[in-house]
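Peer 1: Below are the structure tokens for one structure; questions will follow.
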Amino acid sequence: MRVLVVEDELRLAANIVAGLREAGFAVDHAADGLAASAYAEQDLFDLIVLDLMLPGRDGKSVLRTLRARGIHSPVLILTAQEGKASTIELLNAGADDYLAKPFDLGELIARAKALIRRSKGKSSPVLQVGELSIDTVRQTVTRDLRTFDLSPTEYRILEYLAHRPRAVVSKKELLEHLYDYDWEHHSNVIEAHISNLRRKLTSAEEEPIIETLRHRGYRLRVEEVR
């Protein structure tokens, strides 16, 4: 999943970005409110981590504008402000959750995963697609009592497809959600990872669990979903 971190304290931002990337997210960073709006209005992010006190444009203004323009990415607010009135104002403005500074990085990552799951209609950290089970906390994949050794990118592709098991997901969408702006996009990279996933997840007597729809994209087999 792809996350936008909006934080002007560069050391804190670097720690958040590093932690999220280590947890398997693609991450972009904006250091002020104007850059945050330019990033977020492209509507490519599965989560926005948004500081309130920003140069150029404050976080509340960024949040209200995004919601007014119909951008529904979950927003996790980082705030040094305290008090029930401030919390109510943030939630009423369209925030999905908040963390008061200082915070534990592990808690931020856990909240990030939970917000993304809920936004995709999933409450459990374990995604079940037929006999395929994906533990998004431990980042493990099992099928019919078999455990698979996947590369980080293979895992991220599979998790993204599992969040949308009935949808056809294009190469472009996978590239936009699995990589940040610093990465040079090449669709053949996705093809190679999909091929590896099919080989690893499917035995000789089984149907491939990932379908390719010519000129459209990929999806997990519909009949496998439950």
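Ligands are numbered from 1 in the order shown, residues from 1 within each chain, and chains are lettered A, B, ... in the order they appear in the structure tokens.
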Write down as an mmCIF file with N, CA and C atoms, in the first residue's frame the residues belonging to stretch 89-214 of chain A that are assigned helix (DSSP H, G or I) by DSSP computed on the backbone.
Peer 2:
data_model
loop_
_atom_site.group_PDB
_atom_site.id
_atom_site.type_symbol
_atom_site.label_atom_id
_atom_site.label_comp_id
_atom_site.auth_asym_id
_atom_site.auth_seq_id
_atom_site.Cartn_x
_atom_site.Cartn_y
_atom_site.Cartn_z
ATOM 1 N N GLU A 89 -13.185 18.332 16.657
ATOM 2 C CA GLU A 89 -13.063 19.176 15.460
ATOM 3 C C GLU A 89 -12.357 18.433 14.332
ATOM 4 N N LEU A 90 -11.285 17.699 14.661
ATOM 5 C CA LEU A 90 -10.544 16.952 13.651
ATOM 6 C C LEU A 90 -11.401 15.855 13.026
ATOM 7 N N LEU A 91 -12.102 15.097 13.870
ATOM 8 C CA LEU A 91 -12.942 14.014 13.362
ATOM 9 C C LEU A 91 -14.094 14.554 12.521
ATOM 10 N N ASN A 92 -14.672 15.660 12.945
ATOM 11 C CA ASN A 92 -15.755 16.274 12.180
ATOM 12 C C ASN A 92 -15.263 16.837 10.850
ATOM 13 N N LEU A 105 6.354 4.640 17.308
ATOM 14 C CA LEU A 105 6.320 4.331 15.883
ATOM 15 C C LEU A 105 5.566 3.028 15.613
ATOM 16 N N GLY A 106 5.714 2.053 16.485
ATOM 17 C CA GLY A 106 4.994 0.798 16.320
ATOM 18 C C GLY A 106 3.496 1.001 16.354
ATOM 19 N N GLU A 107 3.026 1.902 17.220
ATOM 20 C CA GLU A 107 1.592 2.190 17.282
ATOM 21 C C GLU A 107 1.131 2.867 16.001
ATOM 22 N N LEU A 108 1.931 3.797 15.480
ATOM 23 C CA LEU A 108 1.571 4.465 14.226
ATOM 24 C C LEU A 108 1.410 3.439 13.099
ATOM 25 N N ILE A 109 2.365 2.504 13.001
ATOM 26 C CA ILE A 109 2.307 1.496 11.940
ATOM 27 C C ILE A 109 1.081 0.599 12.112
ATOM 28 N N ALA A 110 0.779 0.217 13.344
ATOM 29 C CA ALA A 110 -0.392 -0.620 13.601
ATOM 30 C C ALA A 110 -1.681 0.115 13.243
ATOM 31 N N ARG A 111 -1.752 1.390 13.597
ATOM 32 C CA ARG A 111 -2.943 2.181 13.249
ATOM 33 C C ARG A 111 -3.050 2.358 11.738
ATOM 34 N N ALA A 112 -1.908 2.557 11.085
ATOM 35 C CA ALA A 112 -1.904 2.697 9.629
ATOM 36 C C ALA A 112 -2.487 1.452 8.967
ATOM 37 N N LYS A 113 -2.039 0.277 9.404
ATOM 38 C CA LYS A 113 -2.541 -0.973 8.828
ATOM 39 C C LYS A 113 -4.038 -1.139 9.083
ATOM 40 N N ALA A 114 -4.474 -0.795 10.302
ATOM 41 C CA ALA A 114 -5.887 -0.944 10.637
ATOM 42 C C ALA A 114 -6.757 -0.004 9.803
ATOM 43 N N LEU A 115 -6.310 1.235 9.614
ATOM 44 C CA LEU A 115 -7.079 2.189 8.815
ATOM 45 C C LEU A 115 -7.196 1.730 7.366
ATOM 46 N N ILE A 116 -6.109 1.220 6.815
ATOM 47 C CA ILE A 116 -6.152 0.745 5.435
ATOM 48 C C ILE A 116 -7.079 -0.459 5.314
ATOM 49 N N ARG A 117 -6.988 -1.400 6.266
ATOM 50 C CA ARG A 117 -7.883 -2.559 6.238
ATOM 51 C C ARG A 117 -9.340 -2.123 6.243
ATOM 52 N N ARG A 118 -9.677 -1.212 7.149
ATOM 53 C CA ARG A 118 -11.070 -0.771 7.250
ATOM 54 C C ARG A 118 -11.520 -0.064 5.977
ATOM 55 N N SER A 119 -10.626 0.710 5.375
ATOM 56 C CA SER A 119 -10.990 1.422 4.150
ATOM 57 C C SER A 119 -11.243 0.459 2.999
ATOM 58 N N PRO A 152 9.632 -9.372 -0.751
ATOM 59 C CA PRO A 152 8.801 -8.256 -0.277
ATOM 60 C C PRO A 152 7.840 -7.728 -1.341
ATOM 61 N N THR A 153 8.300 -7.598 -2.576
ATOM 62 C CA THR A 153 7.428 -7.078 -3.621
ATOM 63 C C THR A 153 6.346 -8.078 -3.990
ATOM 64 N N GLU A 154 6.686 -9.355 -4.050
ATOM 65 C CA GLU A 154 5.677 -10.384 -4.322
ATOM 66 C C GLU A 154 4.586 -10.357 -3.255
ATOM 67 N N TYR A 155 5.013 -10.231 -1.993
ATOM 68 C CA TYR A 155 4.030 -10.174 -0.909
ATOM 69 C C TYR A 155 3.118 -8.960 -1.066
ATOM 70 N N ARG A 156 3.696 -7.812 -1.370
ATOM 71 C CA ARG A 156 2.901 -6.581 -1.477
ATOM 72 C C ARG A 156 1.893 -6.677 -2.613
ATOM 73 N N ILE A 157 2.297 -7.258 -3.744
ATOM 74 C CA ILE A 157 1.357 -7.443 -4.859
ATOM 75 C C ILE A 157 0.209 -8.347 -4.440
ATOM 76 N N LEU A 158 0.538 -9.467 -3.802
ATOM 77 C CA LEU A 158 -0.497 -10.414 -3.391
ATOM 78 C C LEU A 158 -1.444 -9.794 -2.373
ATOM 79 N N GLU A 159 -0.915 -9.066 -1.406
ATOM 80 C CA GLU A 159 -1.780 -8.423 -0.414
ATOM 81 C C GLU A 159 -2.705 -7.410 -1.072
ATOM 82 N N TYR A 160 -2.175 -6.647 -2.036
ATOM 83 C CA TYR A 160 -3.022 -5.654 -2.704
ATOM 84 C C TYR A 160 -4.155 -6.338 -3.460
ATOM 85 N N LEU A 161 -3.840 -7.419 -4.180
ATOM 86 C CA LEU A 161 -4.875 -8.147 -4.897
ATOM 87 C C LEU A 161 -5.896 -8.749 -3.931
ATOM 88 N N ALA A 162 -5.437 -9.215 -2.781
ATOM 89 C CA ALA A 162 -6.338 -9.830 -1.796
ATOM 90 C C ALA A 162 -7.283 -8.806 -1.181
ATOM 91 N N HIS A 163 -6.867 -7.550 -1.119
ATOM 92 C CA HIS A 163 -7.762 -6.500 -0.635
ATOM 93 C C HIS A 163 -8.875 -6.215 -1.645
ATOM 94 N N LYS A 171 -1.930 -3.101 -14.391
ATOM 95 C CA LYS A 171 -0.514 -2.910 -14.088
ATOM 96 C C LYS A 171 -0.280 -1.491 -13.582
ATOM 97 N N LYS A 172 -0.934 -0.520 -14.202
ATOM 98 C CA LYS A 172 -0.760 0.878 -13.804
ATOM 99 C C LYS A 172 -1.165 1.091 -12.347
ATOM 100 N N GLU A 173 -2.295 0.507 -11.946
ATOM 101 C CA GLU A 173 -2.742 0.650 -10.556
ATOM 102 C C GLU A 173 -1.749 0.011 -9.598
ATOM 103 N N LEU A 174 -1.248 -1.165 -9.930
ATOM 104 C CA LEU A 174 -0.261 -1.820 -9.072
ATOM 105 C C LEU A 174 0.993 -0.962 -8.937
ATOM 106 N N LEU A 175 1.460 -0.413 -10.048
ATOM 107 C CA LEU A 175 2.651 0.432 -10.002
ATOM 108 C C LEU A 175 2.413 1.673 -9.141
ATOM 109 N N GLU A 176 1.235 2.271 -9.265
ATOM 110 C CA GLU A 176 0.938 3.500 -8.522
ATOM 111 C C GLU A 176 0.833 3.252 -7.022
ATOM 112 N N HIS A 177 0.391 2.063 -6.631
ATOM 113 C CA HIS A 177 0.177 1.802 -5.203
ATOM 114 C C HIS A 177 1.334 1.068 -4.536
ATOM 115 N N LEU A 178 2.228 0.487 -5.318
ATOM 116 C CA LEU A 178 3.326 -0.278 -4.736
ATOM 117 C C LEU A 178 4.647 0.471 -4.730
ATOM 118 N N SER A 187 6.300 -1.593 -16.446
ATOM 119 C CA SER A 187 5.242 -2.581 -16.273
ATOM 120 C C SER A 187 5.767 -4.010 -16.347
ATOM 121 N N ASN A 188 6.884 -4.247 -17.054
ATOM 122 C CA ASN A 188 7.389 -5.617 -17.164
ATOM 123 C C ASN A 188 7.874 -6.148 -15.817
ATOM 124 N N VAL A 189 8.193 -5.258 -14.882
ATOM 125 C CA VAL A 189 8.562 -5.684 -13.532
ATOM 126 C C VAL A 189 7.366 -6.368 -12.862
ATOM 127 N N ILE A 190 6.185 -5.787 -13.020
ATOM 128 C CA ILE A 190 4.973 -6.385 -12.469
ATOM 129 C C ILE A 190 4.732 -7.761 -13.085
ATOM 130 N N GLU A 191 4.893 -7.871 -14.394
ATOM 131 C CA GLU A 191 4.690 -9.147 -15.073
ATOM 132 C C GLU A 191 5.604 -10.231 -14.501
ATOM 133 N N ALA A 192 6.852 -9.869 -14.251
ATOM 134 C CA ALA A 192 7.810 -10.843 -13.715
ATOM 135 C C ALA A 192 7.405 -11.301 -12.320
ATOM 136 N N HIS A 193 6.971 -10.361 -11.476
ATOM 137 C CA HIS A 193 6.561 -10.728 -10.116
ATOM 138 C C HIS A 193 5.288 -11.576 -10.129
ATOM 139 N N ILE A 194 4.342 -11.254 -10.995
ATOM 140 C CA ILE A 194 3.116 -12.050 -11.101
ATOM 141 C C ILE A 194 3.457 -13.477 -11.522
ATOM 142 N N SER A 195 4.369 -13.608 -12.481
ATOM 143 C CA SER A 195 4.784 -14.935 -12.929
ATOM 144 C C SER A 195 5.395 -15.736 -11.784
ATOM 145 N N ASN A 196 6.245 -15.091 -10.985
ATOM 146 C CA ASN A 196 6.856 -15.764 -9.840
ATOM 147 C C ASN A 196 5.804 -16.165 -8.802
ATOM 148 N N LEU A 197 4.823 -15.293 -8.576
ATOM 149 C CA LEU A 197 3.767 -15.601 -7.618
ATOM 150 C C LEU A 197 2.969 -16.826 -8.061
ATOM 151 N N ARG A 198 2.611 -16.874 -9.334
ATOM 152 C CA ARG A 198 1.869 -18.032 -9.837
ATOM 153 C C ARG A 198 2.662 -19.319 -9.618
ATOM 154 N N ARG A 199 3.949 -19.262 -9.927
ATOM 155 C CA ARG A 199 4.795 -20.454 -9.808
ATOM 156 C C ARG A 199 4.884 -20.911 -8.359
ATOM 157 N N LYS A 200 5.031 -19.956 -7.430
ATOM 158 C CA LYS A 200 5.205 -20.308 -6.025
ATOM 159 C C LYS A 200 3.900 -20.780 -5.372
ATOM 160 N N LEU A 201 2.770 -20.178 -5.756
ATOM 161 C CA LEU A 201 1.513 -20.425 -5.062
ATOM 162 C C LEU A 201 0.719 -21.594 -5.628
#
Peer 1: Fewer than 5 positions away in the same chain doesn't count, so skip those; otherwise give me all residues within 6 Å of stretch 203-219 of chain A, counting only C-alpha atoms, as an MDAnalysis selection string.
Peer 2: chainID A and resid 168:171
Peer 1: Using only C-alpha atoms, pick whichever of A:Thr142, A:Leu20, A:Asp96, A:Lys60 has the shortest atom-to-atom distance to A:Val75.
Peer 2: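 Comparing A:Thr142, A:Leu20, A:Asp96, A:Lys60 against A:Val75, the winner is A:Asp96.
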Peer 1: Excluding A:Gln128 and any residue of its chain fewer than 4 positions from it, enumerate the residues within 12 Å of it, using only C-alpha atoms, and give them as a list in words.
Peer 2: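 Result of the neighbour search: Lys122, Ser123, Ser124, Leu132, Ser133, Ile134, Asp135, Thr136, Val141, Thr142, Arg143, Asp144, Leu158, Glu159, Leu161, Ala162, His163, Arg164, Pro165, Leu220, Glu224, Val225 and Arg226 of chain A.
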